[in-house]
Each structure stands twice: as structure tokens, then as C-alpha cells.
Amino acid sequence: MTMDAIRQRYLMCRPTYFAVDYAINPWMDPTTPVDTDLAVRQWERLRRTYLDLGHEVELIEPLPGLPDMVFAANGGTVIDGTAMAVQFRDPQRTDEAPAYRAWFEAAGFTVADPKHVNEGEGDLLLAGDHLLAGTGFRTAHAAHAQVQEVFGYPVVTLHLVDPRFYHLDTALTVLDEQTVAYLPEAFSPGSRAVLRRLFPDAVHATMADAEVLGLNAVSDGRHVVLPAQAVDLAATLRDRGYRTIGVDLSELRRAGGGPKCCTLRLRQGRADT
Ligand code: ARG
């Protein structure tokens, strides 16, 4: 197990215009208004947590009319200095894609354009030398072949089967190069078998953890930032030697997002995988 923290560079988007006025996943209920100020305060705490851990946080300007733009993980996939732009499934989020794309270009990344529905790190998670790729709800299966071609990492397709865990990052979290934590029930039988084969030492999360989006966590290899409500998962991770840091993102969870959704990892190259 790698227990060294790796200094990370993240992209985040302040939830200035956060709202739940449409429903594109089962967590979203547009009939009860959200407290945008609370969402901003919770998000600020998350950002502060990363800075206190010594990570770097870049910011993209939020745009009015795009309430889900706070979920920066869906803005792209960035590996070895190449940023793959995204294509959203839902029209409500379509206009986020060019905004993130422009940010990558201005920041000096090589940009690749998607040919299929591709919701970025929401569904594409690098685990060591494998690019784990979710499909079933958002990112199209056809996108997996394209990301393999763009990044040159073997892509492992994983089928998601529970609509509450619609993005891979709601069902699985990468803890370090060798280890992941996941909710077995969120995957098809074949995908579960693949995960067992690739990660025999994986942490299996409970449904109670997953239902508070506990798997929507961010690890630097040593510290794991996860929803404060995911108490069982936090205890298991501590037993495994990780340091856990609970953050309360309850207001953003009302849109179906947690810490990882708010955080896009910017990877320059192999030196800072
Ligand atoms: N409301 C957003 C959606 O349904 C939440 C996105 C969460 N992001 C994530 N990486 N899981 O698209």
C-alpha cells in the first residue's frame, strides 16, 4: 500500500449559481428549494480542506444558468497533460462543456474532443495503470474506446446498474495506485468479477455509506476526504491506515453530488500521477 500523500492540483467551481431546478438523477427534487449560501459555505470548507492538506486548487468562473457547474469532475478528464473535454447526456448541462474546454485550453493543456457522451471524471477514474470507465447511465460505452485511444491507458469498462449511483464516482473511489473502495451492488455481476480480479484487497463499502455518497471521496494516497456522514467507511479506511477527513456537503448532495464531484484532478504527467 502506498501511504505517501501526493501533492495534487485540482480544479473547482464555486457554487454561486447552485440550484436544483431540474431532475436528471434520483437525488434531485426541484420542489424543495436549496440554500445556495449554505452550499457555498460547505464548498468553501472543502476547498480549505484541500489547501490545508497542501494541495493546489485552481478555480473556474461559475456561469449563471448552469446550476450543476459546481460539479467540476464532470468538466473533463485530465491525464499526463491532456484534457479530454466532455459531452453531457442532458441538455441542461450542455453549455458547461465549452466553458471547461476553454479553461483547459487557457491553462495550457492539450485538448481532445469527445465523440460520444462522456461526463469526464464522473465516469473515468485512473487507478494505477488502469482507466476505470463507468457506463449505464451517463458516459456512453463507445466513449471508452475513444478515451483509451486518447490517453493510452487500458480502459476497463464497468457497468453501473443502480440509478442512484449513476456516475462511477458515486459507486467507487480510488484510494491509491493499488486500492479502491466500492459498492459491489452498484455493478453488474460481470463488472463485480472484474473488480474482484483487479483489486482483490479492495474495501467493500456498505449501502449505508453509499447512500450518503460516501464513495464520492478524494484521496491523495494517504488522506481521504469524504462525506462526514459516511462513518462506517471512514472507520474501515482508518483501519487500513488512511487518515480520513469528513466534510459536510449535505446541500450539494441534494443535486446528487459530493466532494469528488466538486473536484477535478489535473494531472500534468507521470511525475505527479
Ligand atoms: N446534478 C448533477 C448531475 O446529475 C450531479 C453531478 C455529480 N457529479 C459527479 N461527478 N458524480 O449531473
# chains A, B, ... in the order shown; residues from 1 in each chain; ligands from 1
>>> residues_around(residues="A:His116", least_positions_apart="6", cutoff="12 Å", atoms="only C-alpha atoms", output="ChimeraX atom specification")
/A:84-89,135,138-147
>>> write_last_selection(atoms="N, CA and C atoms", output="PDB file, in the first residue's frame")
ATOM      1  N   MET A  84      -9.267  15.771 -21.844  1.00  0.00           N
ATOM      2  CA  MET A  84     -10.341  15.329 -22.728  1.00  0.00           C
ATOM      3  C   MET A  84     -11.573  16.119 -22.322  1.00  0.00           C
ATOM      4  N   ALA A  85     -12.129  16.857 -23.264  1.00  0.00           N
ATOM      5  CA  ALA A  85     -13.327  17.644 -22.990  1.00  0.00           C
ATOM      6  C   ALA A  85     -14.531  16.700 -22.889  1.00  0.00           C
ATOM      7  N   VAL A  86     -15.674  17.252 -22.513  1.00  0.00           N
ATOM      8  CA  VAL A  86     -16.826  16.383 -22.248  1.00  0.00           C
ATOM      9  C   VAL A  86     -18.014  16.686 -23.161  1.00  0.00           C
ATOM     10  N   GLN A  87     -18.935  15.739 -23.149  1.00  0.00           N
ATOM     11  CA  GLN A  87     -20.213  15.893 -23.851  1.00  0.00           C
ATOM     12  C   GLN A  87     -21.270  15.347 -22.893  1.00  0.00           C
ATOM     13  N   PHE A  88     -22.161  16.229 -22.426  1.00  0.00           N
ATOM     14  CA  PHE A  88     -23.146  15.800 -21.435  1.00  0.00           C
ATOM     15  C   PHE A  88     -24.316  15.065 -22.083  1.00  0.00           C
ATOM     16  N   ARG A  89     -24.911  14.170 -21.316  1.00  0.00           N
ATOM     17  CA  ARG A  89     -26.111  13.474 -21.785  1.00  0.00           C
ATOM     18  C   ARG A  89     -27.295  14.422 -21.827  1.00  0.00           C
ATOM     19  N   THR A 135     -20.289   3.029 -17.283  1.00  0.00           N
ATOM     20  CA  THR A 135     -21.320   3.259 -18.289  1.00  0.00           C
ATOM     21  C   THR A 135     -22.622   2.672 -17.757  1.00  0.00           C
ATOM     22  N   ARG A 138     -24.717   7.492 -17.879  1.00  0.00           N
ATOM     23  CA  ARG A 138     -24.242   8.730 -18.483  1.00  0.00           C
ATOM     24  C   ARG A 138     -23.241   8.458 -19.614  1.00  0.00           C
ATOM     25  N   THR A 139     -21.976   8.286 -19.278  1.00  0.00           N
ATOM     26  CA  THR A 139     -20.950   8.112 -20.313  1.00  0.00           C
ATOM     27  C   THR A 139     -21.280   6.895 -21.184  1.00  0.00           C
ATOM     28  N   ALA A 140     -21.241   7.110 -22.506  1.00  0.00           N
ATOM     29  CA  ALA A 140     -21.580   6.041 -23.443  1.00  0.00           C
ATOM     30  C   ALA A 140     -20.461   5.003 -23.486  1.00  0.00           C
ATOM     31  N   HIS A 141     -20.848   3.768 -23.707  1.00  0.00           N
ATOM     32  CA  HIS A 141     -19.847   2.701 -23.828  1.00  0.00           C
ATOM     33  C   HIS A 141     -18.850   3.034 -24.932  1.00  0.00           C
ATOM     34  N   ALA A 142     -19.336   3.599 -26.032  1.00  0.00           N
ATOM     35  CA  ALA A 142     -18.464   3.931 -27.165  1.00  0.00           C
ATOM     36  C   ALA A 142     -17.375   4.934 -26.772  1.00  0.00           C
ATOM     37  N   ALA A 143     -17.648   5.755 -25.759  1.00  0.00           N
ATOM     38  CA  ALA A 143     -16.644   6.741 -25.320  1.00  0.00           C
ATOM     39  C   ALA A 143     -15.420   6.051 -24.721  1.00  0.00           C
ATOM     40  N   HIS A 144     -15.611   4.845 -24.184  1.00  0.00           N
ATOM     41  CA  HIS A 144     -14.496   4.164 -23.525  1.00  0.00           C
ATOM     42  C   HIS A 144     -13.361   3.865 -24.510  1.00  0.00           C
ATOM     43  N   ALA A 145     -13.747   3.444 -25.707  1.00  0.00           N
ATOM     44  CA  ALA A 145     -12.718   3.146 -26.726  1.00  0.00           C
ATOM     45  C   ALA A 145     -11.972   4.428 -27.094  1.00  0.00           C
ATOM     46  N   GLN A 146     -12.703   5.525 -27.170  1.00  0.00           N
ATOM     47  CA  GLN A 146     -12.034   6.785 -27.521  1.00  0.00           C
ATOM     48  C   GLN A 146     -11.055   7.225 -26.430  1.00  0.00           C
ATOM     49  N   VAL A 147     -11.445   7.117 -25.161  1.00  0.00           N
ATOM     50  CA  VAL A 147     -10.514   7.567 -24.114  1.00  0.00           C
ATOM     51  C   VAL A 147      -9.279   6.666 -24.058  1.00  0.00           C
TER      52      VAL A 147
END
>>> residues_near_ligand(ligand="ligand 1", cutoff="8 Å", atoms="only C-alpha atoms and all ligand atoms", output="count of residues only")
30
>>> closest_residue(among="A:Val174, A:Ala106, A:Ala186, A:Leu264", to="A:Val70", atoms="only C-alpha atoms")
A:Leu264
>>> select_by_dssp(residues="stretch 88-241 of chain A", states="helix (DSSP H, G or I)", output="NGL selection string")
:A and (91-93 or 96-106 or 120-122 or 141-151 or 163-165 or 168-170 or 184-186 or 189-198 or 207-210 or 231-239)
>>> atom_distance(atom1="atom CA of A:Asp201", atom2="atom CA of A:Val231")
20.2 Å
>>> closest_residue(among="A:Ala193, A:Leu237, A:Ala83, A:Ala133", to="A:Gly108", atoms="only C-alpha atoms")
A:Ala83
>>> closest_atom_pairs(of="stretch 217-259 of chain A", to="stretch 32-35 of chain A", cutoff="9 Å", atoms="only C-alpha atoms", output="Markdown table")
| residue | atom | partner | partner_atom | distance |
| --- | --- | --- | --- | --- |
| A:Glu251 | CA | A:Val34 | CA | 6.9 |
| A:Leu252 | CA | A:Val34 | CA | 8.7 |
| A:Arg254 | CA | A:Val34 | CA | 7.8 |
>>> closest_residue(among="A:Pro64, A:Pro114, A:Leu266, A:Leu38", to="A:Arg9", atoms="only C-alpha atoms")
A:Leu266
>>> residues_around(residues="A:Ala127", least_positions_apart="5", cutoff="8 Å", atoms="only C-alpha atoms", output="ChimeraX atom specification")
/A:132,174,176-180
>>> write_last_selection(atoms="C-alpha atoms", output="PDB file, in the first residue's frame")
ATOM      1  CA  LEU A 132     -11.765   2.544 -14.901  1.00  0.00           C
ATOM      2  CA  VAL A 174      -9.621   5.294  -5.934  1.00  0.00           C
ATOM      3  CA  ASP A 176      -4.129   4.858  -4.167  1.00  0.00           C
ATOM      4  CA  GLU A 177      -2.411   3.193  -7.130  1.00  0.00           C
ATOM      5  CA  GLN A 178      -3.319  -0.299  -5.891  1.00  0.00           C
ATOM      6  CA  THR A 179      -6.533   0.105  -3.956  1.00  0.00           C
ATOM      7  CA  VAL A 180     -10.103   1.154  -4.498  1.00  0.00           C
TER       8      VAL A 180
END
>>> atom_distance(atom1="atom CA of A:Val155", atom2="atom CA of A:Pro259")
24.2 Å
>>> closest_residue(among="A:Tyr153, A:Phe18, A:Tyr50, A:Trp27", to="A:Leu226", atoms="only C-alpha atoms")
A:Tyr50
>>> atom_distance(atom1="atom CA of A:Leu198", atom2="atom CA of A:Leu126")
13.1 Å
>>> residues_around(residues="A:Ala181", least_positions_apart="2", cutoff="8 Å", atoms="only C-alpha atoms", output="PDB file with C-alpha atoms, in the first residue's frame")
ATOM      1  CA  LEU A 172     -16.207   3.625  -6.478  1.00  0.00           C
ATOM      2  CA  THR A 173     -13.319   5.660  -5.157  1.00  0.00           C
ATOM      3  CA  VAL A 174      -9.621   5.294  -5.934  1.00  0.00           C
ATOM      4  CA  LEU A 175      -7.612   5.266  -2.701  1.00  0.00           C
ATOM      5  CA  THR A 179      -6.533   0.105  -3.956  1.00  0.00           C
ATOM      6  CA  LEU A 183     -20.178  -0.710  -3.527  1.00  0.00           C
ATOM      7  CA  ALA A 202     -10.445  -3.548  -2.224  1.00  0.00           C
ATOM      8  CA  VAL A 203     -12.567  -2.026   0.512  1.00  0.00           C
ATOM      9  CA  HIS A 204     -16.225  -3.008   0.126  1.00  0.00           C
ATOM     10  CA  ALA A 205     -18.484  -0.177   1.192  1.00  0.00           C
ATOM     11  CA  LEU A 215     -17.784   6.747  -2.072  1.00  0.00           C
TER      12      LEU A 215
END
>>> decode(residues="stretch 14-159 of chain A", atoms="C-alpha atoms", output="tab-separated table (two decimals), in the first residue's frame")
chain	number	residue	atom	x	y	z
A	14	ARG	CA	-17.74	27.87	-6.65
A	15	PRO	CA	-21.50	27.05	-6.43
A	16	THR	CA	-22.55	30.71	-6.83
A	17	TYR	CA	-25.48	29.73	-9.05
A	18	PHE	CA	-26.18	26.37	-7.45
A	19	ALA	CA	-29.84	25.28	-7.55
A	20	VAL	CA	-31.91	22.17	-8.12
A	21	ASP	CA	-34.38	23.26	-10.75
A	22	TYR	CA	-34.43	20.14	-12.86
A	23	ALA	CA	-34.05	16.45	-12.07
A	24	ILE	CA	-31.56	14.37	-14.04
A	25	ASN	CA	-30.79	11.86	-11.29
A	26	PRO	CA	-32.87	10.35	-8.45
A	27	TRP	CA	-31.29	12.63	-5.80
A	28	MET	CA	-32.69	15.81	-7.33
A	29	ASP	CA	-36.06	17.15	-6.17
A	30	PRO	CA	-36.82	20.54	-7.73
A	31	THR	CA	-39.87	21.05	-5.48
A	32	THR	CA	-37.80	21.90	-2.36
A	33	PRO	CA	-35.58	24.97	-2.76
A	34	VAL	CA	-31.88	24.69	-1.93
A	35	ASP	CA	-29.92	27.04	0.31
A	36	THR	CA	-27.29	28.36	-2.09
A	37	ASP	CA	-25.41	30.27	0.65
A	38	LEU	CA	-25.09	27.07	2.68
A	39	ALA	CA	-23.86	25.23	-0.41
A	40	VAL	CA	-21.20	27.93	-0.90
A	41	ARG	CA	-20.09	27.69	2.75
A	42	GLN	CA	-19.86	23.90	2.58
A	43	TRP	CA	-17.93	24.11	-0.68
A	44	GLU	CA	-15.54	26.71	0.83
A	45	ARG	CA	-14.80	24.25	3.63
A	46	LEU	CA	-13.95	21.58	1.09
A	47	ARG	CA	-11.61	23.95	-0.74
A	48	ARG	CA	-9.99	24.98	2.56
A	49	THR	CA	-9.52	21.30	3.45
A	50	TYR	CA	-7.52	20.73	0.24
A	51	LEU	CA	-5.42	23.85	0.81
A	52	ASP	CA	-4.70	22.80	4.40
A	53	LEU	CA	-3.52	19.42	3.08
A	54	GLY	CA	-1.05	21.28	0.87
A	55	HIS	CA	-2.85	20.77	-2.44
A	56	GLU	CA	-3.28	23.39	-5.11
A	57	VAL	CA	-6.79	24.48	-6.11
A	58	GLU	CA	-7.50	26.22	-9.41
A	59	LEU	CA	-10.85	27.90	-9.93
A	60	ILE	CA	-13.09	28.18	-12.97
A	61	GLU	CA	-15.57	31.06	-13.09
A	62	PRO	CA	-19.16	29.82	-12.46
A	63	LEU	CA	-21.75	30.78	-15.07
A	64	PRO	CA	-25.34	31.84	-14.35
A	65	GLY	CA	-27.97	29.39	-15.56
A	66	LEU	CA	-25.66	26.39	-15.07
A	67	PRO	CA	-26.53	25.23	-11.52
A	68	ASP	CA	-24.60	21.94	-11.79
A	69	MET	CA	-21.36	23.60	-12.93
A	70	VAL	CA	-20.07	23.20	-9.35
A	71	PHE	CA	-19.53	19.51	-10.21
A	72	ALA	CA	-16.14	20.08	-11.82
A	73	ALA	CA	-15.37	16.36	-12.03
A	74	ASN	CA	-17.77	16.30	-14.96
A	75	GLY	CA	-15.87	19.06	-16.78
A	76	GLY	CA	-13.20	16.79	-18.23
A	77	THR	CA	-10.60	14.10	-17.69
A	78	VAL	CA	-7.03	15.30	-17.38
A	79	ILE	CA	-4.14	12.83	-17.57
A	80	ASP	CA	-0.50	13.43	-18.49
A	81	GLY	CA	-1.17	16.99	-19.58
A	82	THR	CA	-4.00	16.06	-21.96
A	83	ALA	CA	-7.51	17.25	-21.17
A	84	MET	CA	-10.34	15.33	-22.73
A	85	ALA	CA	-13.33	17.64	-22.99
A	86	VAL	CA	-16.83	16.38	-22.25
A	87	GLN	CA	-20.21	15.89	-23.85
A	88	PHE	CA	-23.15	15.80	-21.43
A	89	ARG	CA	-26.11	13.47	-21.78
A	90	ASP	CA	-28.59	16.10	-20.62
A	91	PRO	CA	-29.34	19.39	-22.40
A	92	GLN	CA	-29.44	21.22	-19.04
A	93	ARG	CA	-25.68	20.69	-18.66
A	94	THR	CA	-24.59	21.00	-22.32
A	95	ASP	CA	-23.25	24.55	-22.02
A	96	GLU	CA	-20.83	23.61	-19.24
A	97	ALA	CA	-18.71	21.64	-21.71
A	98	PRO	CA	-17.35	24.58	-23.76
A	99	ALA	CA	-16.68	26.59	-20.57
A	100	TYR	CA	-14.49	23.82	-19.15
A	101	ARG	CA	-12.90	23.23	-22.54
A	102	ALA	CA	-11.91	26.91	-22.76
A	103	TRP	CA	-10.41	26.73	-19.26
A	104	PHE	CA	-8.23	23.72	-20.23
A	105	GLU	CA	-7.03	25.49	-23.34
A	106	ALA	CA	-6.20	28.69	-21.47
A	107	ALA	CA	-4.36	26.64	-18.82
A	108	GLY	CA	-2.13	25.11	-21.50
A	109	PHE	CA	-3.47	21.57	-21.69
A	110	THR	CA	-3.63	19.66	-24.96
A	111	VAL	CA	-7.37	19.31	-25.57
A	112	ALA	CA	-9.08	16.27	-27.10
A	113	ASP	CA	-12.75	16.48	-28.09
A	114	PRO	CA	-15.29	13.80	-27.25
A	115	LYS	CA	-17.21	11.94	-29.96
A	116	HIS	CA	-19.77	10.41	-27.62
A	117	VAL	CA	-21.48	11.21	-24.33
A	118	ASN	CA	-18.59	11.49	-21.88
A	119	GLU	CA	-19.07	13.00	-18.42
A	120	GLY	CA	-15.41	13.25	-17.52
A	121	GLU	CA	-14.04	12.07	-14.19
A	122	GLY	CA	-17.56	11.38	-13.06
A	123	ASP	CA	-17.22	8.14	-15.03
A	124	LEU	CA	-13.48	7.87	-15.74
A	125	LEU	CA	-11.15	7.16	-12.85
A	126	LEU	CA	-7.45	6.40	-13.18
A	127	ALA	CA	-6.41	3.65	-10.77
A	128	GLY	CA	-2.72	2.90	-11.12
A	129	ASP	CA	-2.31	1.96	-14.78
A	130	HIS	CA	-5.96	1.22	-15.45
A	131	LEU	CA	-8.53	3.73	-16.51
A	132	LEU	CA	-11.76	2.54	-14.90
A	133	ALA	CA	-14.71	3.59	-17.04
A	134	GLY	CA	-18.34	3.56	-15.99
A	135	THR	CA	-21.32	3.26	-18.29
A	136	GLY	CA	-25.02	2.51	-17.99
A	137	PHE	CA	-26.44	5.92	-17.18
A	138	ARG	CA	-24.24	8.73	-18.48
A	139	THR	CA	-20.95	8.11	-20.31
A	140	ALA	CA	-21.58	6.04	-23.44
A	141	HIS	CA	-19.85	2.70	-23.83
A	142	ALA	CA	-18.46	3.93	-27.16
A	143	ALA	CA	-16.64	6.74	-25.32
A	144	HIS	CA	-14.50	4.16	-23.52
A	145	ALA	CA	-12.72	3.15	-26.73
A	146	GLN	CA	-12.03	6.78	-27.52
A	147	VAL	CA	-10.51	7.57	-24.11
A	148	GLN	CA	-8.26	4.52	-24.41
A	149	GLU	CA	-7.05	5.85	-27.75
A	150	VAL	CA	-6.55	9.40	-26.40
A	151	PHE	CA	-4.76	8.52	-23.16
A	152	GLY	CA	-3.12	5.19	-23.92
A	153	TYR	CA	-4.16	3.55	-20.67
A	154	PRO	CA	-6.02	0.24	-20.75
A	155	VAL	CA	-9.67	1.04	-20.19
A	156	VAL	CA	-11.75	-1.26	-18.02
A	157	THR	CA	-15.46	-0.95	-18.74
A	158	LEU	CA	-17.68	-1.21	-15.66
A	159	HIS	CA	-21.47	-1.44	-15.92
